[in-house]
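For reference, input.txt (compact mmCIF, C-alpha atoms and all ligand atoms):
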# COMPACT_ATOMS: atom_id res chain seq x y z
CA MET A 1392 16.63 -8.48 5.77
CA ALA A 1393 13.44 -7.87 3.89
CA THR A 1394 12.39 -10.44 1.32
CA ILE A 1395 13.15 -8.63 -1.94
CA LEU A 1396 11.55 -10.23 -4.99
CA ILE A 1397 12.72 -8.83 -8.32
CA HIS A 1398 10.38 -10.01 -11.05
CA PRO A 1399 11.30 -10.46 -14.72
CA ASP A 1400 8.49 -8.13 -15.80
CA THR A 1401 5.81 -5.83 -14.49
CA GLN A 1402 2.92 -8.25 -15.06
CA SER A 1403 4.60 -10.91 -13.00
CA ALA A 1404 5.18 -8.43 -10.13
CA ILE A 1405 1.49 -7.46 -10.24
CA ARG A 1406 0.34 -11.09 -10.26
CA ALA A 1407 2.63 -11.99 -7.36
CA THR A 1408 1.29 -9.11 -5.26
CA ALA A 1409 -2.34 -9.96 -5.97
CA GLU A 1410 -1.61 -13.62 -5.20
CA ARG A 1411 -0.28 -12.71 -1.76
CA LEU A 1412 -3.42 -10.76 -0.96
CA LEU A 1413 -5.50 -13.67 -2.16
CA GLN A 1414 -3.51 -16.11 -0.03
CA ALA A 1415 -3.91 -13.88 3.02
CA VAL A 1416 -7.69 -14.21 2.68
CA GLN A 1417 -7.54 -17.91 1.82
CA GLY A 1418 -5.42 -18.48 4.92
CA ASP A 1419 -7.67 -16.44 7.20
CA HIS A 1420 -11.22 -15.69 6.13
CA ASP A 1421 -11.38 -13.02 8.85
CA ALA A 1422 -8.15 -11.32 7.78
CA VAL A 1423 -7.67 -7.61 8.46
CA LEU A 1424 -6.06 -6.13 5.35
CA GLY A 1425 -4.42 -2.73 5.08
CA LEU A 1426 -4.91 -1.37 1.56
CA ALA A 1427 -3.34 1.32 -0.58
CA THR A 1428 -4.40 3.38 -3.59
CA GLY A 1429 -2.43 5.00 -6.42
CA GLY A 1430 -1.68 3.97 -9.97
CA THR A 1431 0.49 1.04 -8.87
CA MET A 1432 -2.43 -0.65 -7.14
CA GLU A 1433 -5.01 -0.43 -9.92
CA PRO A 1434 -3.78 -3.49 -11.85
CA VAL A 1435 -3.26 -5.34 -8.55
CA TYR A 1436 -6.94 -4.93 -7.65
CA HIS A 1437 -8.01 -5.92 -11.19
CA GLN A 1438 -5.98 -9.10 -10.83
CA LEU A 1439 -7.21 -9.74 -7.29
CA VAL A 1440 -10.85 -9.43 -8.36
CA ARG A 1441 -10.24 -11.82 -11.26
CA ARG A 1442 -8.45 -14.39 -9.11
CA ALA A 1443 -10.99 -14.15 -6.26
CA ASP A 1444 -13.72 -14.81 -8.79
CA GLU A 1445 -11.88 -17.81 -10.28
CA ALA A 1446 -11.17 -19.21 -6.81
CA ARG A 1447 -14.75 -18.40 -5.65
CA LEU A 1448 -13.16 -16.77 -2.64
CA SER A 1449 -15.46 -15.02 -0.20
CA PHE A 1450 -14.40 -11.72 1.40
CA ALA A 1451 -17.45 -11.76 3.70
CA GLY A 1452 -15.33 -11.99 6.86
CA VAL A 1453 -12.55 -9.65 5.74
CA THR A 1454 -12.03 -6.17 7.19
CA THR A 1455 -10.00 -3.54 5.36
CA PHE A 1456 -8.35 -0.29 6.39
CA ASN A 1457 -6.98 2.01 3.71
CA LEU A 1458 -3.87 4.02 4.35
CA ASP A 1459 -5.23 7.44 3.57
CA GLU A 1460 -7.85 9.80 2.22
CA TYR A 1461 -7.76 13.36 0.91
CA VAL A 1462 -8.98 15.99 3.36
CA GLY A 1463 -11.98 17.82 1.95
CA LEU A 1464 -13.25 15.12 -0.42
CA ALA A 1465 -16.57 13.52 0.46
CA ALA A 1466 -16.88 9.76 0.01
CA ASP A 1467 -18.88 10.19 -3.20
CA HIS A 1468 -16.33 12.50 -4.86
CA PRO A 1469 -15.04 10.55 -7.89
CA GLN A 1470 -11.39 11.12 -6.88
CA SER A 1471 -11.83 10.26 -3.21
CA TYR A 1472 -9.98 7.13 -2.26
CA ARG A 1473 -13.31 5.77 -0.99
CA SER A 1474 -14.78 6.02 -4.50
CA THR A 1475 -11.60 4.60 -6.00
CA MET A 1476 -11.63 1.58 -3.68
CA ASN A 1477 -15.33 0.95 -4.31
CA ARG A 1478 -14.75 1.05 -8.06
CA LEU A 1479 -11.60 -1.08 -8.07
CA LEU A 1480 -12.32 -3.66 -5.39
CA PHE A 1481 -15.25 -3.37 -2.99
CA ASP A 1482 -17.93 -3.34 -5.72
CA HIS A 1483 -16.56 -6.63 -7.07
CA VAL A 1484 -16.18 -8.84 -4.00
CA ASP A 1485 -18.71 -9.79 -1.34
CA ILE A 1486 -17.15 -7.70 1.44
CA PRO A 1487 -19.83 -5.90 3.51
CA ARG A 1488 -19.28 -2.16 3.01
CA ASN A 1489 -19.29 -1.56 6.77
CA GLN A 1490 -16.16 -3.72 7.04
CA THR A 1491 -14.25 -1.41 4.67
CA TYR A 1492 -12.67 1.56 6.42
CA LEU A 1493 -11.13 4.72 5.05
CA PRO A 1494 -10.73 7.98 6.94
CA ARG A 1495 -13.64 10.31 6.15
CA GLY A 1496 -12.14 13.14 4.14
CA ASP A 1497 -15.10 15.43 4.80
CA ALA A 1498 -15.16 14.87 8.57
CA GLN A 1499 -16.11 18.03 10.50
CA ASP A 1500 -13.05 17.57 12.66
CA PRO A 1501 -10.32 15.82 10.65
CA SER A 1502 -8.00 15.53 13.69
CA ALA A 1503 -10.68 13.74 15.70
CA GLU A 1504 -11.36 11.54 12.65
CA ALA A 1505 -7.68 10.56 12.56
CA ILE A 1506 -7.70 9.59 16.24
CA ALA A 1507 -10.91 7.59 15.77
CA TYR A 1508 -9.39 5.81 12.75
CA GLU A 1509 -6.36 4.72 14.73
CA ALA A 1510 -8.70 3.45 17.46
CA ALA A 1511 -10.77 1.51 14.91
CA ILE A 1512 -7.64 -0.29 13.69
CA GLU A 1513 -6.82 -1.25 17.27
CA ALA A 1514 -10.41 -2.37 17.91
CA ALA A 1515 -10.24 -4.66 14.87
CA GLY A 1516 -7.21 -6.36 16.42
CA GLY A 1517 -4.62 -4.64 14.24
CA ILE A 1518 -3.71 -5.20 10.59
CA ASP A 1519 -2.55 -8.65 9.46
CA LEU A 1520 -1.14 -7.62 6.08
CA GLN A 1521 -0.53 -4.05 4.97
CA LEU A 1522 -0.17 -3.37 1.25
CA LEU A 1523 2.08 -0.42 0.41
CA GLY A 1524 3.21 1.58 -2.58
CA ILE A 1525 6.06 4.07 -2.41
CA GLY A 1526 6.20 7.69 -3.51
CA ARG A 1527 9.01 9.00 -5.70
CA ASN A 1528 10.15 10.93 -2.64
CA GLY A 1529 10.10 7.80 -0.46
CA HIS A 1530 6.74 8.46 1.17
CA LEU A 1531 4.57 5.66 2.59
CA GLY A 1532 0.87 6.41 2.70
CA PHE A 1533 1.03 10.21 2.75
CA ASN A 1534 3.87 10.29 5.24
CA GLU A 1535 6.03 12.73 3.38
CA PRO A 1536 9.75 13.12 4.07
CA SER A 1537 10.34 14.52 7.58
CA SER A 1538 7.36 12.56 8.99
CA SER A 1539 8.03 11.21 12.44
CA LEU A 1540 8.97 7.56 12.21
CA ALA A 1541 6.75 6.98 15.28
CA SER A 1542 3.75 8.90 13.91
CA ARG A 1543 0.13 7.74 14.15
CA THR A 1544 -2.87 8.54 11.97
CA ARG A 1545 -3.06 12.30 11.50
CA ILE A 1546 -3.33 15.10 8.94
CA LYS A 1547 -0.36 15.69 6.66
CA LYS A 1548 0.33 18.38 4.11
CA LEU A 1549 1.18 16.85 0.74
CA ALA A 1550 4.64 17.54 -0.66
CA ARG A 1551 4.90 19.48 -3.90
CA SER A 1552 6.21 16.38 -5.73
CA THR A 1553 3.20 14.36 -4.52
CA LEU A 1554 0.79 17.04 -5.69
CA GLU A 1555 2.50 17.02 -9.09
CA ALA A 1556 2.52 13.22 -9.32
CA ASN A 1557 -1.17 12.89 -8.35
CA ALA A 1558 -2.46 15.83 -10.40
CA ARG A 1559 -3.01 13.32 -13.22
CA PHE A 1560 -5.99 11.86 -11.36
CA PHE A 1561 -7.79 15.23 -11.26
CA GLY A 1562 -9.41 16.98 -14.18
CA ALA A 1563 -8.08 20.22 -15.67
CA GLY A 1564 -9.26 23.10 -13.50
CA GLU A 1565 -10.29 20.75 -10.68
CA ARG A 1566 -8.88 21.73 -7.29
CA MET A 1567 -6.68 19.04 -5.86
CA PRO A 1568 -6.66 18.64 -2.08
CA THR A 1569 -3.47 19.77 -0.37
CA HIS A 1570 -3.81 17.65 2.78
CA ALA A 1571 -4.60 14.06 3.63
CA ILE A 1572 -5.49 11.99 6.67
CA THR A 1573 -2.93 9.22 6.65
CA MET A 1574 -1.97 6.31 8.86
CA GLY A 1575 1.34 7.21 10.49
CA ILE A 1576 4.62 5.40 10.05
CA GLY A 1577 4.17 3.98 13.55
CA THR A 1578 0.69 2.75 12.58
CA ILE A 1579 2.05 1.03 9.47
CA MET A 1580 4.87 -0.56 11.43
CA LYS A 1581 2.37 -2.22 13.79
CA ALA A 1582 0.94 -4.34 10.95
CA ARG A 1583 2.02 -7.94 11.33
CA LYS A 1584 3.20 -8.21 7.72
CA LEU A 1585 4.08 -5.55 5.16
CA LEU A 1586 3.92 -6.01 1.39
CA MET A 1587 5.34 -3.23 -0.76
CA LEU A 1588 5.04 -3.09 -4.55
CA ALA A 1589 7.03 -0.69 -6.72
CA MET A 1590 7.13 -0.63 -10.50
CA GLY A 1591 8.90 1.51 -13.06
CA ALA A 1592 12.06 3.57 -13.30
CA SER A 1593 10.48 6.56 -11.56
CA LYS A 1594 10.55 4.57 -8.30
CA ALA A 1595 14.11 3.23 -8.61
CA ASP A 1596 15.84 5.92 -6.53
CA ALA A 1597 13.22 5.80 -3.77
CA VAL A 1598 13.40 1.99 -3.64
CA ALA A 1599 17.20 2.04 -3.34
CA ALA A 1600 17.08 4.72 -0.63
CA ALA A 1601 14.41 2.79 1.27
CA LEU A 1602 16.10 -0.61 1.15
CA GLU A 1603 19.79 0.25 1.16
CA GLY A 1604 20.07 3.77 2.50
CA PRO A 1605 20.16 4.97 6.08
CA VAL A 1606 16.97 4.72 8.13
CA THR A 1607 15.86 8.31 8.18
CA ALA A 1608 12.74 10.46 8.25
CA ALA A 1609 14.10 11.98 5.02
CA CYS A 1610 13.00 8.72 3.35
CA PRO A 1611 10.02 7.44 5.37
CA ALA A 1612 10.00 4.07 3.56
CA SER A 1613 13.47 3.36 4.97
CA ILE A 1614 11.67 2.40 8.20
CA LEU A 1615 10.82 -0.89 6.48
CA GLN A 1616 14.34 -2.00 7.39
CA PHE A 1617 13.13 -2.24 10.99
CA HIS A 1618 10.05 -4.38 10.28
CA PRO A 1619 10.48 -8.11 11.02
CA ASP A 1620 8.22 -9.35 8.19
CA VAL A 1621 8.36 -7.27 5.03
CA THR A 1622 8.21 -8.40 1.42
CA VAL A 1623 9.11 -6.02 -1.37
CA VAL A 1624 7.96 -6.88 -4.90
CA LEU A 1625 9.74 -5.05 -7.71
CA ASP A 1626 9.92 -5.09 -11.47
CA GLN A 1627 13.25 -4.73 -13.27
CA GLU A 1628 13.05 -0.95 -13.59
CA ALA A 1629 12.15 -0.31 -9.97
CA ALA A 1630 15.08 -2.53 -8.93
CA SER A 1631 17.55 -0.85 -11.26
CA CYS A 1632 19.36 1.31 -8.65
CA LEU A 1633 19.83 -1.41 -6.02
CA LYS A 1634 23.50 -1.97 -5.24
CA LEU A 1635 22.92 -5.50 -3.94
CA ARG A 1636 20.59 -6.49 -6.75
CA ASP A 1637 22.65 -9.55 -7.76
CA PHE A 1638 22.50 -10.83 -4.21
CA TYR A 1639 18.71 -10.45 -3.99
CA GLU A 1640 18.38 -12.23 -7.35
CA ASP A 1641 20.62 -15.05 -6.15
CA ILE A 1642 18.40 -15.54 -3.10
CA HIS A 1643 15.12 -15.32 -5.02
CA PRO A 1644 15.77 -16.13 -8.69
CA GLY A 1645 13.15 -14.58 -10.95
CA GLY A 1646 11.43 -13.12 -7.90
CA GLN A 1647 10.40 -16.57 -6.71
CA GLU A 1648 10.40 -17.32 -3.05
CA VAL A 1649 12.87 -19.99 -2.08
CA TYR A 1650 12.85 -20.97 1.54
CA PHE A 1651 15.95 -22.15 3.29
CA ALA A 1652 17.31 -21.91 6.81
CA GLY A 1653 19.20 -18.73 7.55
CA ASN A 1654 17.38 -16.51 5.07
CA SER A 1655 16.15 -13.76 7.35
C1 LIG B 1701 -1.83 5.95 -1.51
C2 LIG B 1701 -0.49 5.70 -1.00
C3 LIG B 1701 0.69 6.33 -1.63
C4 LIG B 1701 1.02 5.67 -2.97
C5 LIG B 1701 2.24 6.32 -3.59
C6 LIG B 1701 2.55 5.75 -4.95
O1 LIG B 1701 -2.79 5.24 -0.74
O2 LIG B 1701 -0.37 4.99 -0.07
O3 LIG B 1701 1.79 6.20 -0.77
O4 LIG B 1701 1.27 4.30 -2.78
O5 LIG B 1701 2.02 7.70 -3.71
O6 LIG B 1701 1.54 6.13 -5.85
P1 LIG B 1701 1.52 5.59 -7.35
O7 LIG B 1701 1.24 4.13 -7.25
O8 LIG B 1701 0.39 6.34 -7.99
O9 LIG B 1701 2.85 5.87 -7.92
Written as structure tokens, how would this file's structure read?
Ligand code: F6R
Amino acid sequence: MATILIHPDTQSAIRATAERLLQAVQGDHDAVLGLATGGTMEPVYHQLVRRADEARLSFAGVTTFNLDEYVGLAADHPQSYRSTMNRLLFDHVDIPRNQTYLPRGDAQDPSAEAIAYEAAIEAAGGIDLQLLGIGRNGHLGFNEPSSSLASRTRIKKLARSTLEANARFFGAGERMPTHAITMGIGTIMKARKLLMLAMGASKADAVAAALEGPVTAACPASILQFHPDVTVVLDQEAASCLKLRDFYEDIHPGGQEVYFAGNS
């Protein structure tokens, strides 16, 4: 069973997620981190930057791979995930920029870029800890429902609900990309540890389907049930549709980790 940590409030869920990223770097100065974007992650990166500064933690040996990038957006486009990551994290820690990887959205040949990205992850020795959000439709990265559960980095068309949800990041009249290069579900599943954060009532159905529903391409995040080391951090609202919520709260009161034999 995944480790499901239901926090008393949103701030505590954000802090706990940032703390795990911090600990991953403290525990291995050469850690390979898989990173995510989206509204959920913005406060996590703010907190991580603050805590890294307090702890005087160096990211000089860290390598990062982001999940995805919009096809058609150059790195310097303000809404590219490259720009977003620079603004939220990379500009504020001492990570060399050439150790931060995102697919190039403006690559001449996006399919070749996807293949090269997958190879770069392999060449770095694979991802130690992959941070994940979840879409309202159960997507992971931009693996929309119906994505192959064995898929590798490739181009995906964005679902209508994803376009609607992400339109808020683009200005009025600005054309939003319709495709992304995204790590596949199979790529994500190769990470040694997964850490998913979901907050708010709009994620409650997707979280319940992912953690308690059948494992199905109709809800790509349901594949997490097959990963041997996954932690899911939730606030109260995101946890509100879980049938076994009481049980998870008994195991981890207040979202705290309590270790005891047999909890797996
Ligand atoms: C983006 C990504 C997406 C988001 C998901 C949730 O890199 O991986 O899967 O995590 O769309 O987005 P927010 O946090 O904006 O609700």
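The smallest atom-to-atom distance between A:Val1435 and any of A:Leu1458, A:Ala1404, A:Val1453, A:Ile1546, using all atoms listed in the file, is found for A:Ala1404.
Between ligand LIG 1701 (chain B) and the residues A:Leu1412, A:Leu1480, A:Ala1393, A:Ala1427, the shortest atom-to-atom distance, using all atoms listed in the file, involves A:Ala1427.
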Selection within 6 Å of ligand LIG 1701 (chain B) by all atoms listed in the file, output as an NGL selection string: :A and (1427-1431 or 1458-1459 or 1523-1526 or 1530-1533)
Mind writing the picked residues with C-alpha atoms as a PDB file, in the frame of the given file?
ATOM      1  CA  ALA A1427      -3.340   1.320  -0.580  1.00  0.00           C
ATOM      2  CA  THR A1428      -4.400   3.380  -3.590  1.00  0.00           C
ATOM      3  CA  GLY A1429      -2.430   5.000  -6.420  1.00  0.00           C
ATOM      4  CA  GLY A1430      -1.680   3.970  -9.970  1.00  0.00           C
ATOM      5  CA  THR A1431       0.490   1.040  -8.870  1.00  0.00           C
ATOM      6  CA  LEU A1458      -3.870   4.020   4.350  1.00  0.00           C
ATOM      7  CA  ASP A1459      -5.230   7.440   3.570  1.00  0.00           C
ATOM      8  CA  LEU A1523       2.080  -0.420   0.410  1.00  0.00           C
ATOM      9  CA  GLY A1524       3.210   1.580  -2.580  1.00  0.00           C
ATOM     10  CA  ILE A1525       6.060   4.070  -2.410  1.00  0.00           C
ATOM     11  CA  GLY A1526       6.200   7.690  -3.510  1.00  0.00           C
ATOM     12  CA  HIS A1530       6.740   8.460   1.170  1.00  0.00           C
ATOM     13  CA  LEU A1531       4.570   5.660   2.590  1.00  0.00           C
ATOM     14  CA  GLY A1532       0.870   6.410   2.700  1.00  0.00           C
ATOM     15  CA  PHE A1533       1.030  10.210   2.750  1.00  0.00           C
TER      16      PHE A1533
END
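Here atom CA of A:His1643 is placed at a distance of 27.6 Å from atom CA of A:Glu1445.
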Spatial neighbours of A:Glu1433, max dist 12 Å, only C-alpha atoms, sep filter under 3 positions, as a PyMOL selection string: chain A and resi 1405-1406+1408-1409+1426-1430+1436-1440+1472+1475-1480+1524+1588
Point-to-point distance from atom CA of A:Glu1628 to atom CA of A:Ala1592, Å rounded to tenths: 4.6 Å
Straight-line distance linking atom CA of A:Ile1397 with atom CA of A:Val1624, stated in Å to one decimal: 6.2 Å
